[in-house]
Amino acid sequence: MSNRQKVLITGGHGQLATDLTQVFNKADAVALSHEQLDVSQLHDVEAALQHYKPNMVINTAAFTDVDRCEDHVTEARSINSGGPENLVAAAKRTNTRVLQISTDYVFDGTLERPYIESDDTNPQSTYGRTKLEGEQAMREQDLIVRTSWLCGSHGSNILKTIVGLAQSGHPMKFVNDQVGHPSFTRDIAITIKQLVEIEARGTFHVTNQGPVSWYEFAQTILELMGRPSRQVSPITTEQLDPPRPASRPANSVLNNKALVDIGLTPPPDFRESLPLLLKELCD
Ligand SMILES: NC(=O)c1ccc[n+]([C@@H]2O[C@H](COP(=O)([O-])OP(=O)(O)OC[C@H]3O[C@@H](n4cnc5c(N)ncnc54)[C@H](OP(=O)(O)O)[C@@H]3O)[C@@H](O)[C@H]2O)c1
């Protein structure tokens with residue numbers, strides 16, 4: 001049975017936040033953009049929670065430029081760690097729960113099977129370390145949702161980059177040694193709403209299914225767009241020129257075990273949702 005919850009969504013103009021806002025009933029959700037609420041400012045966070053008195057804050061706000069985080073450690077920490085810490089501090093006064101959106105980057109990517117929620121974390125980048133600190137700020141009653149490889153129709157993401165390159169006929173190179181679950185913000189938002197409604201607590205992996213490398217993901221997109229798959233060539237991470245400042249997990253595959261354990265159906269295989277999203281992007 002669904003239990004309507006009043007939610008406040010931070011980072012409201014981001015790609016996941018935009019779909020979350022659409023998935024919740026209008027009367028139940030308020031989304032605040034970065035301009036309206038800076039999660040790194042405790043006083044502003046307290047004022048927002050006092051004003052809206054939500055049952056749940058969904059914190060999508062983050063410094064998401066993984067490579068820039070390496071050179072902007074203080075800023076990354078104040079948003080990715082300080083933001084969740086401020087939300088929890090303010091939530092204690094308003095009896096609000098917090099849902100922290102986290103990432104596959106909390107793992108080092110060396111495991112030879114998909115990661116389950118209880119596997120050891122070992123982030124290898126500033127982004128991953130600061131996002132893990134954000135997880136560690138959560139209390140027993142809060143919720144952590146780790147997702148990966150997010151793409152949606154709002155904001156910029158790799159899917160949009162591939163579509164643009166495919167349409168221009170430009171040759172592309174993608175790594176074939178980083179594997180993950182591409183995840184679509186609309187599907188992820190639907191599962192997050194279910195978790196909020198059943199008042200779940202703890203850590204959940206929420207991704208679409210179907211592990212692929214970035215190269216295989218690009219190939220799948222090209223095939224669906226009716227473009228020759230030879231437009232993309234595989235390379236290794238070592239061959240990336242210039243090399244990326246932040247280390248990426250080779251294995252980013254998140255097993256959605258905890259969702260299944262509580263009887264929820266994980267988001268579908270990415271190949272099921274991709275055609276619809278491509279149609280939306282290409283029309
Ligand atoms: N993208 C991925 O592949 C991926 C994978 C796994 C997990 N995640 C996590 O999923 C969440 C959503 O990601 P996304 O791809 O939707 O990100 P996104 O599109 O980059 O959105 C993040 C939003 O946070 C806002 N923001 C930045 N600093 C803020 C601050 N101090 N206070 C309030 N808002 C702030 C940004 O606003 P401005 O742009 O105006 O600064 C932006 O609107 C993030 O927590 C991210 O760490 C993402």
# chains A, B, ... in the order shown; residues from 1 in each chain; ligands from 1
$ select_by_dssp --residues "region 75-257 of chain A" --states "strand (DSSP E)" --output "ChimeraX atom specification"
/A:97-103,143-147,150-151,172-175,179-180,183-184,202-205,212-213,232-235
$ closest_residue --among "A:Ile188, A:Val179, A:Val106, A:Ile221" --to "Thr121 (chain A)" --atoms "only C-alpha atoms"
A:Val106
$ closest_residue --among "A:Ser81, A:Asn256, A:Thr191, A:Thr265" --to "ligand 1" --atoms "only C-alpha atoms and all ligand atoms"
A:Ser81
$ atom_distance --atom1 "CA of Phe174 (chain A)" --atom2 "CA of Gly226 (chain A)"
18.7 Å
$ closest_atom_pairs --of "region 154-245 of chain A" --to "region 128-149 of chain A" --cutoff "8 Å" --atoms "only C-alpha atoms" --output "CSV"
residue,atom,partner,partner_atom,distance
A:Gly180,CA,A:Trp149,CA,7.2
A:His181,CA,A:Ser148,CA,6.4
A:Pro182,CA,A:Trp149,CA,4.8
A:Ser183,CA,A:Trp149,CA,5.6
A:Ile192,CA,A:Val145,CA,7.9
A:Ala200,CA,A:Leu143,CA,7.0
A:Arg201,CA,A:Leu143,CA,4.8
A:Gly202,CA,A:Leu143,CA,4.9
A:Thr203,CA,A:Ile144,CA,4.6
A:Phe204,CA,A:Val145,CA,4.9
A:His205,CA,A:Arg146,CA,4.8
A:Val206,CA,A:Thr147,CA,5.3
A:Thr207,CA,A:Thr147,CA,5.4
$ residues_around --residues "Lys53 (chain A)" --least-positions-apart "6" --cutoff "12 Å" --atoms "only C-alpha atoms" --output "ChimeraX atom specification"
/A:5-8,28-30,45-47,90-97
$ residues_around --residues "region 227-229 of chain A" --least-positions-apart "6" --cutoff "9 Å" --atoms "only C-alpha atoms" --output "CSV table (one decimal) with C-alpha atoms, in the first residue's frame"
chain,number,residue,atom,x,y,z
A,166,ALA,CA,26.2,9.4,-34.0
A,167,GLN,CA,24.1,12.0,-35.8
A,169,GLY,CA,28.8,10.7,-38.3
A,218,ALA,CA,27.8,3.1,-27.6
A,219,GLN,CA,27.4,0.2,-30.0
A,220,THR,CA,23.9,-0.5,-28.7
A,221,ILE,CA,22.9,3.1,-29.2
$ closest_residue --among "A:Pro242, A:Pro266, A:Gly152, A:Gly83" --to "Asp38 (chain A)" --atoms "only C-alpha atoms"
A:Gly83
$ atom_distance --atom1 "CA of Cys151 (chain A)" --atom2 "CA of Ile190 (chain A)"
14.4 Å
$ select_by_dssp --residues "region 69-101 of chain A" --states "alpha helix (DSSP H)" --output "PyMOL selection string"
chain A and resi 69-71+73-80+82-94
$ write_last_selection --atoms "C-alpha atoms" --output "PDB file, in the first residue's frame"
ATOM      1  CA  CYS A  69      36.698  17.194  -8.054  1.00  0.00           C
ATOM      2  CA  GLU A  70      40.384  16.146  -8.117  1.00  0.00           C
ATOM      3  CA  ASP A  71      41.478  19.803  -8.319  1.00  0.00           C
ATOM      4  CA  VAL A  73      38.839  18.965  -3.085  1.00  0.00           C
ATOM      5  CA  THR A  74      37.589  21.561  -0.593  1.00  0.00           C
ATOM      6  CA  GLU A  75      34.584  22.448  -2.736  1.00  0.00           C
ATOM      7  CA  ALA A  76      33.825  18.784  -3.458  1.00  0.00           C
ATOM      8  CA  ARG A  77      33.954  18.004   0.260  1.00  0.00           C
ATOM      9  CA  SER A  78      31.746  20.963   1.265  1.00  0.00           C
ATOM     10  CA  ILE A  79      29.013  19.838  -1.167  1.00  0.00           C
ATOM     11  CA  ASN A  80      29.306  16.026  -1.314  1.00  0.00           C
ATOM     12  CA  GLY A  82      29.052  18.780   3.990  1.00  0.00           C
ATOM     13  CA  GLY A  83      25.674  18.826   2.200  1.00  0.00           C
ATOM     14  CA  PRO A  84      24.469  15.483   3.635  1.00  0.00           C
ATOM     15  CA  GLU A  85      25.922  16.383   7.054  1.00  0.00           C
ATOM     16  CA  ASN A  86      23.977  19.661   7.079  1.00  0.00           C
ATOM     17  CA  LEU A  87      20.778  17.938   5.959  1.00  0.00           C
ATOM     18  CA  VAL A  88      21.018  15.362   8.737  1.00  0.00           C
ATOM     19  CA  ALA A  89      21.769  18.070  11.344  1.00  0.00           C
ATOM     20  CA  ALA A  90      18.719  20.060  10.240  1.00  0.00           C
ATOM     21  CA  ALA A  91      16.551  16.936   9.850  1.00  0.00           C
ATOM     22  CA  LYS A  92      17.026  16.077  13.532  1.00  0.00           C
ATOM     23  CA  ARG A  93      15.058  19.200  14.464  1.00  0.00           C
ATOM     24  CA  THR A  94      12.139  18.655  12.070  1.00  0.00           C
TER      25      THR A  94
END
$ residues_around --residues "Glu272 (chain A)" --least-positions-apart "5" --cutoff "12 Å" --atoms "only C-alpha atoms" --output "PyMOL selection string"
chain A and resi 182-184+187+208-210+220+224+267+277-278
$ write_last_selection --atoms "C-alpha atoms" --output "mmCIF file, in the first residue's frame"
data_model
loop_
_atom_site.group_PDB
_atom_site.id
_atom_site.type_symbol
_atom_site.label_atom_id
_atom_site.label_comp_id
_atom_site.auth_asym_id
_atom_site.auth_seq_id
_atom_site.Cartn_x
_atom_site.Cartn_y
_atom_site.Cartn_z
ATOM 1 C CA PRO A 182 23.616 2.318 -17.575
ATOM 2 C CA SER A 183 20.737 3.802 -15.594
ATOM 3 C CA PHE A 184 17.935 6.012 -16.775
ATOM 4 C CA ASP A 187 13.372 4.441 -14.107
ATOM 5 C CA ASN A 208 18.872 -0.506 -14.700
ATOM 6 C CA GLN A 209 20.016 -4.044 -15.495
ATOM 7 C CA GLY A 210 22.312 -5.432 -18.212
ATOM 8 C CA THR A 220 23.884 -0.530 -28.726
ATOM 9 C CA LEU A 224 19.127 1.383 -32.331
ATOM 10 C CA PRO A 267 14.458 -1.185 -12.779
ATOM 11 C CA LEU A 277 14.542 7.658 -24.363
ATOM 12 C CA LEU A 278 16.304 7.724 -27.750
#
$ closest_residue --among "A:Ile198, A:Leu254, A:Leu274, A:Ala246" --to "ligand 1" --atoms "only C-alpha atoms and all ligand atoms"
A:Leu254
$ residues_around --residues "Gly164 (chain A)" --least-positions-apart "3" --cutoff "12 Å" --atoms "only C-alpha atoms" --output "list in words"
Ser156, Asn157, Ile158, Leu159, Lys160, Thr161, Gln167, Ser168, Gly169, His170, Pro171, Met172, Ala218, Ile221, Leu222, Met225, Leu278, Leu281 and Cys282 of chain A
$ closest_residue --among "A:Gln22, A:Gly155, A:Phe107, A:Leu42" --to "ligand 1" --atoms "only C-alpha atoms and all ligand atoms"
A:Gly155
$ atom_distance --atom1 "CA of His154 (chain A)" --atom2 "atom 30 (C, counted along the ligand's line) of ligand 1"
18.0 Å
$ closest_residue --among "A:Arg271, A:Leu165, A:Phe24, A:Lys257" --to "Gln231 (chain A)" --atoms "only C-alpha atoms"
A:Leu165
$ residues_around --residues "Ala17 (chain A)" --least-positions-apart "6" --cutoff "8 Å" --atoms "only C-alpha atoms" --output "PDB file with C-alpha atoms, in the first residue's frame"
ATOM      1  CA  ILE A   9      14.337  17.513  -3.459  1.00  0.00           C
ATOM      2  CA  THR A  10      17.706  19.303  -3.451  1.00  0.00           C
ATOM      3  CA  GLY A  11      19.764  20.048  -6.567  1.00  0.00           C
ATOM      4  CA  ALA A  31      12.304  20.832  -5.670  1.00  0.00           C
ATOM      5  CA  THR A  60      20.522  14.767  -5.300  1.00  0.00           C
TER       6      THR A  60
END
$ decode --residues "region 126-220 of chain A" --atoms "C-alpha atoms" --output "mmCIF file, in the first residue's frame"
data_model
loop_
_atom_site.group_PDB
_atom_site.id
_atom_site.type_symbol
_atom_site.label_atom_id
_atom_site.label_comp_id
_atom_site.auth_asym_id
_atom_site.auth_seq_id
_atom_site.Cartn_x
_atom_site.Cartn_y
_atom_site.Cartn_z
ATOM 1 C CA THR A 126 38.006 12.599 -4.541
ATOM 2 C CA TYR A 127 34.451 12.314 -5.865
ATOM 3 C CA GLY A 128 34.122 8.752 -4.541
ATOM 4 C CA ARG A 129 35.694 9.593 -1.175
ATOM 5 C CA THR A 130 33.512 12.660 -0.608
ATOM 6 C CA LYS A 131 30.360 10.797 -1.680
ATOM 7 C CA LEU A 132 31.241 8.010 0.773
ATOM 8 C CA GLU A 133 31.599 10.609 3.538
ATOM 9 C CA GLY A 134 28.095 11.759 2.573
ATOM 10 C CA GLU A 135 26.830 8.198 3.057
ATOM 11 C CA GLN A 136 28.539 8.019 6.443
ATOM 12 C CA ALA A 137 26.580 11.076 7.644
ATOM 13 C CA MET A 138 23.301 9.125 7.388
ATOM 14 C CA ARG A 139 21.497 7.808 10.495
ATOM 15 C CA GLU A 140 19.794 4.462 11.044
ATOM 16 C CA GLN A 141 16.419 5.812 9.887
ATOM 17 C CA ASP A 142 17.830 7.327 6.675
ATOM 18 C CA LEU A 143 18.192 5.867 3.224
ATOM 19 C CA ILE A 144 21.148 5.606 0.832
ATOM 20 C CA VAL A 145 20.488 4.922 -2.850
ATOM 21 C CA ARG A 146 23.568 4.109 -4.911
ATOM 22 C CA THR A 147 23.143 4.374 -8.647
ATOM 23 C CA SER A 148 25.489 4.418 -11.664
ATOM 24 C CA TRP A 149 25.990 5.768 -15.197
ATOM 25 C CA LEU A 150 22.968 8.126 -15.049
ATOM 26 C CA CYS A 151 21.372 9.299 -18.280
ATOM 27 C CA GLY A 152 18.099 11.083 -18.851
ATOM 28 C CA SER A 153 16.449 13.593 -21.122
ATOM 29 C CA HIS A 154 17.343 16.541 -18.847
ATOM 30 C CA GLY A 155 20.852 17.894 -18.375
ATOM 31 C CA SER A 156 23.999 16.662 -20.053
ATOM 32 C CA ASN A 157 25.139 13.046 -20.027
ATOM 33 C CA ILE A 158 27.107 10.547 -22.083
ATOM 34 C CA LEU A 159 23.997 9.218 -23.860
ATOM 35 C CA LYS A 160 23.342 12.689 -25.291
ATOM 36 C CA THR A 161 27.010 12.966 -26.292
ATOM 37 C CA ILE A 162 26.854 9.626 -28.132
ATOM 38 C CA VAL A 163 23.587 10.577 -29.869
ATOM 39 C CA GLY A 164 25.130 13.874 -31.031
ATOM 40 C CA LEU A 165 28.269 12.155 -32.347
ATOM 41 C CA ALA A 166 26.188 9.439 -34.023
ATOM 42 C CA GLN A 167 24.082 12.026 -35.839
ATOM 43 C CA SER A 168 27.167 13.904 -37.039
ATOM 44 C CA GLY A 169 28.788 10.695 -38.302
ATOM 45 C CA HIS A 170 31.889 11.532 -36.255
ATOM 46 C CA PRO A 171 34.037 8.478 -35.376
ATOM 47 C CA MET A 172 34.134 7.699 -31.648
ATOM 48 C CA LYS A 173 36.313 5.733 -29.266
ATOM 49 C CA PHE A 174 35.003 4.315 -26.005
ATOM 50 C CA VAL A 175 36.662 2.203 -23.354
ATOM 51 C CA ASN A 176 35.940 -1.491 -23.333
ATOM 52 C CA ASP A 177 37.454 -2.188 -19.893
ATOM 53 C CA GLN A 178 35.010 -0.285 -17.669
ATOM 54 C CA VAL A 179 31.758 -2.175 -17.168
ATOM 55 C CA GLY A 180 28.585 -0.936 -15.506
ATOM 56 C CA HIS A 181 24.812 -0.658 -15.504
ATOM 57 C CA PRO A 182 23.616 2.318 -17.575
ATOM 58 C CA SER A 183 20.737 3.802 -15.594
ATOM 59 C CA PHE A 184 17.935 6.012 -16.775
ATOM 60 C CA THR A 185 16.796 8.767 -14.449
ATOM 61 C CA ARG A 186 13.100 8.132 -15.114
ATOM 62 C CA ASP A 187 13.372 4.441 -14.107
ATOM 63 C CA ILE A 188 15.539 5.263 -11.083
ATOM 64 C CA ALA A 189 13.084 7.959 -9.953
ATOM 65 C CA ILE A 190 10.174 5.477 -10.057
ATOM 66 C CA THR A 191 12.016 3.014 -7.786
ATOM 67 C CA ILE A 192 13.117 5.793 -5.421
ATOM 68 C CA LYS A 193 9.466 6.837 -5.053
ATOM 69 C CA GLN A 194 8.562 3.245 -4.135
ATOM 70 C CA LEU A 195 11.324 3.156 -1.494
ATOM 71 C CA VAL A 196 10.110 6.453 -0.029
ATOM 72 C CA GLU A 197 6.502 5.273 0.083
ATOM 73 C CA ILE A 198 7.294 2.066 1.944
ATOM 74 C CA GLU A 199 9.542 4.041 4.321
ATOM 75 C CA ALA A 200 12.521 1.797 3.557
ATOM 76 C CA ARG A 201 15.769 2.402 5.439
ATOM 77 C CA GLY A 202 19.364 1.350 4.856
ATOM 78 C CA THR A 203 21.387 1.094 1.643
ATOM 79 C CA PHE A 204 19.978 0.120 -1.774
ATOM 80 C CA HIS A 205 21.579 -0.267 -5.183
ATOM 81 C CA VAL A 206 19.132 1.089 -7.783
ATOM 82 C CA THR A 207 20.212 0.758 -11.419
ATOM 83 C CA ASN A 208 18.872 -0.506 -14.700
ATOM 84 C CA GLN A 209 20.016 -4.044 -15.495
ATOM 85 C CA GLY A 210 22.312 -5.432 -18.212
ATOM 86 C CA PRO A 211 26.060 -4.940 -17.639
ATOM 87 C CA VAL A 212 27.966 -3.428 -20.591
ATOM 88 C CA SER A 213 31.205 -1.572 -21.223
ATOM 89 C CA TRP A 214 31.009 2.026 -22.436
ATOM 90 C CA TYR A 215 32.028 0.717 -25.875
ATOM 91 C CA GLU A 216 29.175 -1.819 -25.899
ATOM 92 C CA PHE A 217 26.756 0.855 -24.663
ATOM 93 C CA ALA A 218 27.764 3.140 -27.556
ATOM 94 C CA GLN A 219 27.394 0.235 -30.011
ATOM 95 C CA THR A 220 23.884 -0.530 -28.726
#
